[in-house]
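Below is one structure, written out as structure tokens; the observations come after it.
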Protein chains: 2
Amino acid sequence: MATRPPRLTDVAKAAGVSTATASMALNGSGGNRISTETRDRVLAAAAELGYRPNTVARGLRTRRTHMIGFVGDNVATTPFAGQMIRGAHDAARQAGFLLLMIDTMGDPDETGEAIAALQERQIDGIVLATMYHQVTEVPKEIKSTPVVLLDSRTADYSVSSVVPDERGGALGVLAELAAAGHRRIGHVTTLEDVEARHLRLATWREHVTAYGLDADDLLAETAEARTHGGYESAMRLLGRPERPTAIFCFNDRMAMGVYRAAAELGLSIPGDLSVVSYDDQELIAPELAPGLTSAALPHYEMGSWAVNELLRRLDEPDAEPVQHLMPCPIARRDSVAPA
Amino acid sequence: MATRPPRLTDVAKAAGVSTATASMALNGSGGNRISTETRDRVLAAAAELGYRPNTVARGLRTRRTHMIGFVGDNVATTPFAGQMIRGAHDAARQAGFLLLMIDTMGDPDETGEAIAALQERQIDGIVLATMYHQVTEVPKEIKSTPVVLLDSRTADYSVSSVVPDERGGALGVLAELAAAGHRRIGHVTTLEDVEARHLRLATWREHVTAYGLDADDLLAETAEARTHGGYESAMRLLGRPERPTAIFCFNDRMAMGVYRAAAELGLSIPGDLSVVSYDDQELIAPELAPGLTSAALPHYEMGSWAVNELLRRLDEPDAEPVQHLMPCPIARRDSVAPA
DNA sequence: GGGTCTCAGTTAATCGATTGACCGAATGGA
DNA sequence: TCCATTCGGTCAATCGATTAACTGAGACCC
């Protein structure tokens, strides 16, 4: 029981062949130099002994560790991280890779350290994930290591990246409102200067001005992207002389505040006010009453896309970098009714 | 730029010493066989070249990879996972270790595969994490690999483990109610047959029967552990002739339903009804109005404890296994008022 | 019969570090 | 003066795989 796990030598000995032959038989490499019966003998011996290759030794020789570094800026504290990681994890697993995870807590120094630590371990590539859609730079520590950006992009598009199609998602939920006949649509957005804010805001602006409404004039409110911020913004928005018949929220948390404001003002959702939002957070959107129609951030898909793109680049290091926009599907619930 | 990263040989050559000397100088090993000036020369050369050891080669030789396998049963889909992972991650990082993560989706076959995949990569030890407090078995694939259980334990306590002190947490929130003078305290619990349910329910029962109340008779309701389940349970509980003045909820999601039920019945919280709960989920407990008093699950602390215990066992493989109960601090908010 | 292929393997170098065994010079003790 | 230590290093084996180069036996062709 306390014996060491079997090595390739043991398998070779048991099958009566050299380690070279054993290696080729097990890996199917070396063309057809191994006869079928020899291969079977080796395979049988390996199974018999419960042989598992030592991938550290293999990695030393082949310079491939089948490990991917996953560097996140706040993996733990955001509810989105899970799906991103799982998407990446599943795609990696499928290809025989494993994820070596580091959370940098958003500290650039930490990021440098993290990348160094990963490179020391000879990871085959790196997925650089941010928890919120943004524009970043690739740390200089990454030299020739292949890298793919997850939920961010570089300013010059020089590195493969995947980000949510914010515009598409925003158009999607706004279309829900439009189809229900809404024209005066308010927007409640965040204070933070992030890509998501800009794109959602711009798309909303474009949408309402298409009706000849003056977006600047009256319909957007800004606050901290939490329940309370949503509440205050909604109170202001709904307190106006000509109140909007619908509100598009920056995210579900703010929508939660909008719900509360509506309740306080005696407005029923969706009877008196329709609400749509972004993120489709599982702990919020479906749990509110009525269920909130929201554009989902495709975290799982982005995670898996990033890994697959990275794997592709391992085989074709000189392939052109790709910028991918991942569609944001609309989760339709009961927060929209005819105007 | 496209040159290979420097190897130990390069450092040795640059410093005019053998690789053995370079290795010892860099690692501080070999006692005091290296003179100070030689050491400085080697260190300078390494810094100059930007030398980073190849830990794959090192791992092959030393049989230590400084990687810990983190196997979770549903890492992605639960909001708790993040803190558990980060606790483990931080503790590992601090000691120069990295986490190799696998999510098994709760599938036992997957777990076996995962462990094999990790062992092939020669990880130094394994943290087996479950997302909900439960009793498990250690998969037989783990033979001599050191392992620590995170948020679960074996029936026979043969493996080190850490779980939340459910009893302590429940007593804590119940004490909040007691201090406010509540006696008729209802309980809303989950249908699921999990350790958390048993311990919280038992503690509540013990608490209320201490007042001479008959727990069986009237005060516990069971439903699915979601908002709606909490809502229905609360409706039943509050519809009784002598309604409870306070409710202890299995978790925050159910508490959310209790809030809704109270609102519908025209009961104000905490004026007419005090509510306490368990889990202290960041997206729920502080966001509800009024803020919910809840016993926090110490996921971060458990994660870091598990890794530290694992690291300890790497040095002392024969140490007695330890079963640790991690305290659940009470997050006091505004959902409790005098009866 | 001699040369050339193919087949089915084996031998040995290699990946990049760590480390036990060894070694020459200087120091110290008797 | 001579032997034993200590000091400060070097040599070479080693971890467990992969793989380029080689080899011996038959088959095949002319």
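Letters A, B, ... mark the chains of the structure tokens in the order given; residue numbers begin at 1 per chain; ligand numbers begin at 1, in order shown.
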How would chain A read as a compact mmCIF listing (two decimals) with C-alpha atoms, in the first residue's frame after a least-squares superposition onto chain B over every Cα atom, matched in order?
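The result, written out as selection-v8.txt:
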# COMPACT_ATOMS: atom_id res chain seq x y z
CA MET A 1 13.27 38.98 -27.35
CA ALA A 2 12.39 35.60 -28.69
CA THR A 3 15.21 34.05 -26.65
CA ARG A 4 14.38 31.36 -24.17
CA PRO A 5 14.07 32.39 -20.56
CA PRO A 6 17.35 31.96 -18.67
CA ARG A 7 18.05 28.65 -16.98
CA LEU A 8 20.05 27.97 -13.87
CA THR A 9 22.99 27.11 -16.12
CA ASP A 10 22.93 30.62 -17.49
CA VAL A 11 22.96 32.15 -14.06
CA ALA A 12 25.80 29.86 -12.98
CA LYS A 13 27.82 30.71 -16.05
CA ALA A 14 27.25 34.42 -15.57
CA ALA A 15 28.37 34.19 -11.96
CA GLY A 16 31.28 31.91 -12.80
CA VAL A 17 30.18 29.04 -10.60
CA SER A 18 28.66 25.58 -10.98
CA THR A 19 24.93 25.02 -11.14
CA ALA A 20 25.13 23.33 -7.78
CA THR A 21 26.55 26.45 -6.23
CA ALA A 22 24.04 28.62 -8.01
CA SER A 23 21.19 26.46 -6.81
CA MET A 24 22.38 26.56 -3.21
CA ALA A 25 23.01 30.26 -3.31
CA LEU A 26 19.55 31.00 -4.64
CA ASN A 27 17.75 28.66 -2.29
CA GLY A 28 19.88 29.30 0.75
CA SER A 29 20.27 25.57 1.06
CA GLY A 30 23.38 23.51 1.74
CA GLY A 31 24.07 25.08 5.09
CA ASN A 32 26.82 27.69 5.01
CA ARG A 33 28.79 26.18 2.22
CA ILE A 34 28.40 29.27 0.10
CA SER A 35 30.45 32.35 0.93
CA THR A 36 28.68 35.63 1.18
CA GLU A 37 30.44 37.13 -1.80
CA THR A 38 29.69 34.16 -4.02
CA ARG A 39 26.07 34.27 -2.99
CA ASP A 40 25.88 37.93 -3.83
CA ARG A 41 27.46 37.32 -7.19
CA VAL A 42 24.90 34.62 -7.95
CA LEU A 43 22.00 36.70 -6.76
CA ALA A 44 23.19 39.61 -8.85
CA ALA A 45 23.52 37.44 -11.92
CA ALA A 46 20.06 36.00 -11.38
CA ALA A 47 18.54 39.45 -11.00
CA GLU A 48 20.44 40.69 -14.01
CA LEU A 49 19.15 37.90 -16.19
CA GLY A 50 15.67 37.96 -14.73
CA TYR A 51 16.02 34.34 -13.77
CA ARG A 52 12.91 32.47 -12.66
CA PRO A 53 13.25 28.87 -11.62
CA ASN A 54 11.41 26.30 -13.68
CA THR A 55 9.23 24.75 -11.05
CA VAL A 56 8.34 21.83 -13.26
CA ALA A 57 11.94 20.69 -13.24
CA ARG A 58 12.23 21.47 -9.57
CA GLY A 59 9.04 19.58 -8.85
CA LEU A 60 10.29 16.54 -10.69
CA ARG A 61 13.37 16.43 -8.54
CA THR A 62 11.94 17.45 -5.18
CA ARG A 63 8.55 15.77 -5.55
CA ARG A 64 6.92 18.95 -4.38
CA THR A 65 4.93 21.02 -6.85
CA HIS A 66 3.65 23.65 -4.46
CA MET A 67 0.23 23.17 -5.95
CA ILE A 68 -2.89 22.24 -4.06
CA GLY A 69 -5.85 20.59 -5.67
CA PHE A 70 -9.13 22.28 -4.84
CA VAL A 71 -12.03 20.01 -5.67
CA GLY A 72 -15.47 21.54 -5.30
CA ASP A 73 -18.86 20.02 -5.91
CA ASN A 74 -20.49 23.09 -7.37
CA VAL A 75 -18.02 25.84 -7.23
CA ALA A 76 -19.68 27.90 -9.85
CA THR A 77 -23.31 28.01 -9.05
CA THR A 78 -23.22 28.94 -5.42
CA PRO A 79 -22.54 32.38 -4.11
CA PHE A 80 -20.61 30.96 -1.18
CA ALA A 81 -17.95 29.31 -3.26
CA GLY A 82 -16.19 32.56 -3.95
CA GLN A 83 -15.28 33.25 -0.39
CA MET A 84 -14.27 29.68 0.25
CA ILE A 85 -12.00 29.72 -2.73
CA ARG A 86 -10.54 33.03 -1.83
CA GLY A 87 -9.82 31.95 1.72
CA ALA A 88 -8.08 28.87 0.39
CA HIS A 89 -6.37 30.86 -2.32
CA ASP A 90 -5.00 33.50 0.02
CA ALA A 91 -3.68 30.99 2.52
CA ALA A 92 -2.06 29.03 -0.27
CA ARG A 93 -0.56 32.07 -1.90
CA GLN A 94 0.90 33.23 1.37
CA ALA A 95 2.81 29.96 1.61
CA GLY A 96 3.92 30.02 -2.01
CA PHE A 97 1.30 27.57 -3.19
CA LEU A 98 -1.20 27.79 -6.02
CA LEU A 99 -4.65 26.31 -6.37
CA LEU A 100 -5.47 23.87 -9.13
CA MET A 101 -9.25 23.96 -9.29
CA ILE A 102 -11.74 21.37 -10.39
CA ASP A 103 -15.50 21.54 -10.20
CA THR A 104 -17.14 18.13 -10.16
CA MET A 105 -20.71 19.35 -10.41
CA GLY A 106 -21.44 16.97 -7.58
CA ASP A 107 -20.94 13.89 -9.75
CA PRO A 108 -19.03 11.17 -7.87
CA ASP A 109 -17.51 9.80 -11.07
CA GLU A 110 -16.30 13.25 -11.90
CA THR A 111 -14.80 13.46 -8.46
CA GLY A 112 -12.78 10.33 -9.06
CA GLU A 113 -11.60 11.66 -12.40
CA ALA A 114 -10.76 14.97 -10.87
CA ILE A 115 -8.64 13.43 -8.17
CA ALA A 116 -6.82 11.29 -10.70
CA ALA A 117 -6.17 14.31 -12.89
CA LEU A 118 -4.80 16.20 -9.93
CA GLN A 119 -2.61 13.35 -8.80
CA GLU A 120 -1.16 12.98 -12.28
CA ARG A 121 -0.08 16.55 -11.88
CA GLN A 122 1.59 15.67 -8.62
CA ILE A 123 -0.27 18.14 -6.48
CA ASP A 124 0.97 18.15 -2.91
CA GLY A 125 -2.45 17.79 -1.33
CA ILE A 126 -6.16 18.12 -1.87
CA VAL A 127 -8.88 20.26 -0.36
CA LEU A 128 -12.23 18.61 -0.86
CA ALA A 129 -14.87 21.29 -0.67
CA THR A 130 -18.63 20.94 -0.60
CA MET A 131 -20.84 23.93 -1.02
CA TYR A 132 -23.22 22.88 1.72
CA HIS A 133 -22.32 21.52 5.09
CA GLN A 134 -22.69 17.75 4.89
CA VAL A 135 -21.31 14.36 5.82
CA THR A 136 -19.31 12.69 3.04
CA GLU A 137 -16.87 9.93 2.35
CA VAL A 138 -13.39 10.42 1.08
CA PRO A 139 -13.17 8.95 -2.43
CA LYS A 140 -11.02 5.87 -2.53
CA GLU A 141 -8.92 7.33 -5.33
CA ILE A 142 -7.19 9.40 -2.72
CA LYS A 143 -4.67 7.04 -1.26
CA SER A 144 -1.70 8.61 0.35
CA THR A 145 -2.38 12.15 -0.87
CA PRO A 146 -3.00 14.39 2.12
CA VAL A 147 -6.54 15.70 2.16
CA VAL A 148 -8.63 18.13 4.19
CA LEU A 149 -12.40 18.42 4.00
CA LEU A 150 -13.93 21.84 3.65
CA ASP A 151 -17.53 22.28 4.79
CA SER A 152 -18.03 18.58 5.29
CA ARG A 153 -16.75 15.80 7.48
CA THR A 154 -16.51 12.03 7.33
CA ALA A 155 -18.77 9.97 9.51
CA ASP A 156 -15.81 8.57 11.43
CA TYR A 157 -13.83 11.80 11.79
CA SER A 158 -10.79 10.12 10.29
CA VAL A 159 -9.83 13.08 8.12
CA SER A 160 -9.19 16.69 9.10
CA SER A 161 -12.17 18.87 8.40
CA VAL A 162 -13.67 22.26 9.02
CA VAL A 163 -17.37 23.05 9.17
CA PRO A 164 -19.33 26.03 10.41
CA ASP A 165 -20.43 26.04 14.03
CA GLU A 166 -24.10 25.91 13.11
CA ARG A 167 -25.19 25.48 16.68
CA GLY A 168 -23.21 28.47 17.81
CA GLY A 169 -24.56 30.62 15.02
CA ALA A 170 -28.13 29.58 15.64
CA LEU A 171 -27.75 30.21 19.35
CA GLY A 172 -26.34 33.60 18.46
CA VAL A 173 -29.27 34.84 16.44
CA LEU A 174 -31.74 33.24 18.84
CA ALA A 175 -30.01 35.11 21.65
CA GLU A 176 -30.65 38.33 19.75
CA LEU A 177 -34.33 37.50 19.80
CA ALA A 178 -34.25 36.41 23.42
CA ALA A 179 -32.56 39.63 24.45
CA ALA A 180 -35.40 41.53 22.77
CA GLY A 181 -37.86 39.55 24.84
CA HIS A 182 -39.13 37.14 22.21
CA ARG A 183 -40.43 33.78 23.36
CA ARG A 184 -42.78 32.57 20.63
CA ILE A 185 -40.18 32.13 17.94
CA GLY A 186 -41.13 30.33 14.76
CA HIS A 187 -38.77 28.48 12.49
CA VAL A 188 -38.86 28.19 8.73
CA THR A 189 -36.64 25.45 7.42
CA THR A 190 -35.67 23.64 4.25
CA LEU A 191 -36.86 20.34 2.87
CA GLU A 192 -33.35 19.22 2.07
CA ASP A 193 -31.86 16.60 4.29
CA VAL A 194 -28.62 18.40 5.05
CA GLU A 195 -26.47 18.81 8.12
CA ALA A 196 -27.23 22.51 8.25
CA ARG A 197 -30.95 21.83 8.46
CA HIS A 198 -30.59 19.34 11.27
CA LEU A 199 -28.30 21.45 13.39
CA ARG A 200 -30.23 24.68 12.97
CA LEU A 201 -33.54 22.97 13.57
CA ALA A 202 -32.26 21.08 16.60
CA THR A 203 -30.77 24.21 18.09
CA TRP A 204 -33.98 26.14 17.59
CA ARG A 205 -35.97 23.30 19.13
CA GLU A 206 -33.71 23.22 22.12
CA HIS A 207 -33.99 26.97 22.47
CA VAL A 208 -37.77 27.23 22.38
CA THR A 209 -38.44 24.15 24.49
CA ALA A 210 -36.27 25.75 27.15
CA TYR A 211 -39.13 28.26 27.49
CA GLY A 212 -41.56 25.42 27.99
CA LEU A 213 -43.00 25.82 24.52
CA ASP A 214 -43.88 22.80 22.47
CA ALA A 215 -41.77 22.98 19.37
CA ASP A 216 -43.50 20.08 17.67
CA ASP A 217 -46.86 21.54 18.13
CA LEU A 218 -46.82 24.71 16.28
CA LEU A 219 -43.83 26.65 15.28
CA ALA A 220 -41.84 25.08 12.46
CA GLU A 221 -42.67 25.08 8.80
CA THR A 222 -40.81 23.34 6.02
CA ALA A 223 -40.51 24.25 2.38
CA GLU A 224 -38.10 24.55 -0.47
CA ALA A 225 -35.20 26.79 0.55
CA ARG A 226 -36.07 29.60 -1.82
CA THR A 227 -37.90 32.87 -1.58
CA HIS A 228 -41.19 31.31 -2.42
CA GLY A 229 -40.80 28.54 0.13
CA GLY A 230 -40.08 31.11 2.78
CA TYR A 231 -43.11 33.07 1.72
CA GLU A 232 -45.47 30.13 1.96
CA SER A 233 -44.09 28.95 5.26
CA ALA A 234 -44.41 32.40 6.72
CA MET A 235 -47.97 32.71 5.49
CA ARG A 236 -48.85 29.52 7.30
CA LEU A 237 -46.92 30.44 10.41
CA LEU A 238 -48.37 33.94 10.62
CA GLY A 239 -51.87 32.75 9.88
CA ARG A 240 -52.04 30.75 13.11
CA PRO A 241 -54.21 31.80 15.99
CA GLU A 242 -51.32 32.70 18.23
CA ARG A 243 -48.78 33.89 15.76
CA PRO A 244 -45.07 33.98 16.62
CA THR A 245 -43.55 37.35 17.40
CA ALA A 246 -40.33 36.37 15.70
CA ILE A 247 -39.12 33.98 13.03
CA PHE A 248 -35.79 32.27 12.70
CA CYS A 249 -35.22 31.38 9.05
CA PHE A 250 -33.11 28.57 7.70
CA ASN A 251 -31.45 31.00 5.33
CA ASP A 252 -31.59 34.46 3.85
CA ARG A 253 -33.44 33.44 0.75
CA MET A 254 -36.29 32.07 2.81
CA ALA A 255 -36.13 35.21 4.94
CA MET A 256 -36.73 37.20 1.79
CA GLY A 257 -40.00 35.32 1.39
CA VAL A 258 -40.86 35.96 5.02
CA TYR A 259 -40.41 39.67 4.41
CA ARG A 260 -42.76 39.48 1.49
CA ALA A 261 -45.37 37.58 3.48
CA ALA A 262 -45.17 40.08 6.31
CA ALA A 263 -45.64 42.95 3.88
CA GLU A 264 -48.68 41.30 2.40
CA LEU A 265 -50.19 40.70 5.81
CA GLY A 266 -49.60 44.30 6.76
CA LEU A 267 -47.10 43.34 9.43
CA SER A 268 -44.12 45.64 9.75
CA ILE A 269 -40.64 44.34 10.37
CA PRO A 270 -39.38 44.65 13.04
CA GLY A 271 -42.33 46.44 14.64
CA ASP A 272 -44.79 43.57 14.43
CA LEU A 273 -42.44 40.77 13.59
CA SER A 274 -38.75 40.23 14.21
CA VAL A 275 -36.78 38.13 11.76
CA VAL A 276 -33.37 36.52 12.04
CA SER A 277 -31.70 34.22 9.61
CA TYR A 278 -28.62 32.32 8.60
CA ASP A 279 -25.96 32.71 5.86
CA ASP A 280 -25.64 36.49 5.76
CA GLN A 281 -25.54 36.54 1.99
CA GLU A 282 -24.18 39.82 0.83
CA LEU A 283 -26.69 40.25 -1.94
CA ILE A 284 -29.63 39.71 0.36
CA ALA A 285 -29.22 40.35 4.06
CA PRO A 286 -27.88 43.90 3.87
CA GLU A 287 -30.04 44.80 0.90
CA LEU A 288 -33.40 43.98 2.40
CA ALA A 289 -35.32 46.75 4.13
CA PRO A 290 -34.87 46.65 7.02
CA GLY A 291 -31.45 45.01 6.98
CA LEU A 292 -31.62 41.41 8.09
CA THR A 293 -29.86 40.15 11.20
CA SER A 294 -28.18 36.93 10.15
CA ALA A 295 -25.54 34.45 11.27
CA ALA A 296 -22.71 34.55 8.77
CA LEU A 297 -21.20 31.42 7.32
CA PRO A 298 -17.46 31.89 7.69
CA HIS A 299 -16.56 30.67 4.25
CA TYR A 300 -13.40 32.67 3.88
CA GLU A 301 -12.08 31.52 7.22
CA MET A 302 -12.97 27.91 6.54
CA GLY A 303 -11.20 28.03 3.21
CA SER A 304 -8.07 29.43 4.69
CA TRP A 305 -8.18 27.08 7.66
CA ALA A 306 -8.47 24.09 5.36
CA VAL A 307 -5.40 25.07 3.38
CA ASN A 308 -3.37 25.83 6.46
CA GLU A 309 -4.30 22.52 7.97
CA LEU A 310 -3.34 20.82 4.73
CA LEU A 311 0.01 22.60 4.69
CA ARG A 312 0.61 21.49 8.24
CA ARG A 313 -0.10 17.93 7.30
CA LEU A 314 2.39 18.11 4.47
CA ASP A 315 5.06 18.64 7.08
CA GLU A 316 3.65 16.26 9.65
CA PRO A 317 1.85 13.54 7.72
CA ASP A 318 1.16 11.56 10.85
CA ALA A 319 -0.43 14.32 12.88
CA GLU A 320 -3.80 13.49 14.35
CA PRO A 321 -6.69 14.63 12.15
CA VAL A 322 -8.42 17.72 13.48
CA GLN A 323 -12.11 18.54 13.33
CA HIS A 324 -12.61 22.26 13.45
CA LEU A 325 -15.82 24.16 14.15
CA MET A 326 -15.57 27.64 12.72
CA PRO A 327 -17.57 30.28 14.59
CA CYS A 328 -20.39 32.01 12.72
CA PRO A 329 -20.36 35.71 13.60
CA ILE A 330 -23.70 37.48 13.93
CA ALA A 331 -24.33 40.34 11.51
CA ARG A 332 -26.66 42.62 13.50
CA ARG A 333 -28.99 44.78 11.46
CA ASP A 334 -32.47 46.17 11.94
CA SER A 335 -34.80 43.23 11.72
CA VAL A 336 -35.07 42.68 15.47
CA ALA A 337 -37.05 44.86 17.89
CA PRO A 338 -38.50 44.28 21.36
CA ALA A 339 -41.43 41.88 21.35
Go through chain D and flag each residue having an atom no more than 7 Å from chain B; for those, report the closest pair of atoms plus their distance in Å to one decimal, using only C-alpha atoms (C1' of nucleotides), ordered by chain and rising number, as JSON lines.
{"residue": "D:DG8", "atom": "C1'", "partner": "B:Arg33", "partner_atom": "CA", "distance": 5.6}
{"residue": "D:DT10", "atom": "C1'", "partner": "B:Ser18", "partner_atom": "CA", "distance": 6.6}
{"residue": "D:DC15", "atom": "C1'", "partner": "B:Arg61", "partner_atom": "CA", "distance": 4.4}
Could you turn the residues from that selection into a file that holds N, CA and C atoms (P, O5', C5', C4', C3', O3' and C1' of nucleotides), as a PDB file, in the first residue's frame?
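Saved result, result02.pdb, follows:
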ATOM      1  P    DG D   8      33.747  29.632   3.954  1.00  0.00           P
ATOM      2  O5'  DG D   8      33.809  29.051   2.475  1.00  0.00           O
ATOM      3  C5'  DG D   8      34.988  29.297   1.700  1.00  0.00           C
ATOM      4  C4'  DG D   8      34.820  28.614   0.366  1.00  0.00           C
ATOM      5  C3'  DG D   8      33.462  28.898  -0.317  1.00  0.00           C
ATOM      6  O3'  DG D   8      33.682  29.129  -1.694  1.00  0.00           O
ATOM      7  C1'  DG D   8      33.797  26.590  -0.152  1.00  0.00           C
ATOM      8  P    DT D  10      31.913  26.043  -8.040  1.00  0.00           P
ATOM      9  O5'  DT D  10      32.350  24.520  -8.266  1.00  0.00           O
ATOM     10  C5'  DT D  10      33.720  24.194  -8.474  1.00  0.00           C
ATOM     11  C4'  DT D  10      33.857  22.706  -8.735  1.00  0.00           C
ATOM     12  C3'  DT D  10      33.052  22.189  -9.937  1.00  0.00           C
ATOM     13  O3'  DT D  10      33.845  21.232 -10.621  1.00  0.00           O
ATOM     14  C1'  DT D  10      32.385  21.029  -7.995  1.00  0.00           C
ATOM     15  P    DC D  15      15.894   8.188  -9.542  1.00  0.00           P
ATOM     16  O5'  DC D  15      14.661   9.176  -9.652  1.00  0.00           O
ATOM     17  C5'  DC D  15      14.309  10.059  -8.594  1.00  0.00           C
ATOM     18  C4'  DC D  15      13.436  11.147  -9.147  1.00  0.00           C
ATOM     19  C3'  DC D  15      12.502  10.657 -10.246  1.00  0.00           C
ATOM     20  O3'  DC D  15      11.232  10.383  -9.685  1.00  0.00           O
ATOM     21  C1'  DC D  15      13.573  12.737 -10.829  1.00  0.00           C
TER      22       DC D  15
END
Find the residue from D:DT1, D:DT23, D:DT6, D:DC28 that sits nearest to DG28 (chain C); use only C-alpha atoms (C1' of nucleotides) when measuring.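 Among the listed residues, D:DT6 lies closest to DG28 (chain C).
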Chain C residues near region 19-22 of chain D within 10 Å, closest pair each, using only C-alpha atoms (C1' of nucleotides), as a Markdown table:
| residue | atom | partner | partner_atom | distance |
| --- | --- | --- | --- | --- |
| C:DT10 | C1' | D:DC22 | C1' | 8.4 |
| C:DT11 | C1' | D:DC22 | C1' | 7.7 |
| C:DA12 | C1' | D:DA21 | C1' | 9.2 |
| C:DA13 | C1' | D:DA20 | C1' | 8.7 |
| C:DT14 | C1' | D:DT19 | C1' | 8.9 |
Put those residues in a file: C-alpha atoms (C1' of nucleotides), as a PDB file, in the first residue's frame.
ATOM      1  C1'  DT C  10      15.916  -0.356 -28.578  1.00  0.00           C
ATOM      2  C1'  DT C  11      19.515   2.983 -26.924  1.00  0.00           C
ATOM      3  C1'  DA C  12      20.647   6.970 -25.073  1.00  0.00           C
ATOM      4  C1'  DA C  13      20.196  12.006 -24.911  1.00  0.00           C
ATOM      5  C1'  DT C  14      17.318  15.359 -23.056  1.00  0.00           C
TER       6       DT C  14
END
Just the number, please: distance in Å from C1' of DT5 (chain D) to C1' of DT18 (chain C), one decimal.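 C1' of DT18 (chain C) lies 26.4 Å from C1' of DT5 (chain D).
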Counting only C-alpha atoms (C1' of nucleotides), collect the residues of chain C whose closest atom lies at most 9 Å from chain B, and write them out as a PyMOL selection string. chain C and resi 15-19
Can you spit out the residues from that selection as a compact mmCIF listing (two decimals), in the first residue's frame, using C-alpha atoms (C1' of nucleotides)?
# COMPACT_ATOMS: atom_id res chain seq x y z
C1' DC C 15 14.16 18.63 -20.39
C1' DG C 16 16.11 21.98 -15.79
C1' DA C 17 16.58 21.74 -11.54
C1' DT C 18 18.40 19.47 -6.69
C1' DT C 19 21.64 17.06 -3.86
Select from region 117-335 of chain A everything DSSP, run on the backbone, classes as helix (DSSP H, G or I), then give the selection as a ChimeraX atom specification. /A:117-120,166-179,195-209,215-218,227-238,252-264,299-315
Hey, what does DSSP flag as strand (DSSP E or B) within region 23-246 of chain A? Can you give it to me as a VMD selection string? chain A and resid 67 to 72 98 to 103 125 to 136 147 to 154 161 to 164 185 to 190 220 to 223 246
Just the residues within 10 Å of DC5 (chain C), please, counting only C-alpha atoms (C1' of nucleotides), with nothing from its chain fewer than 2 positions along; format it as a ChimeraX atom specification. /C:3,7 /D:27-28
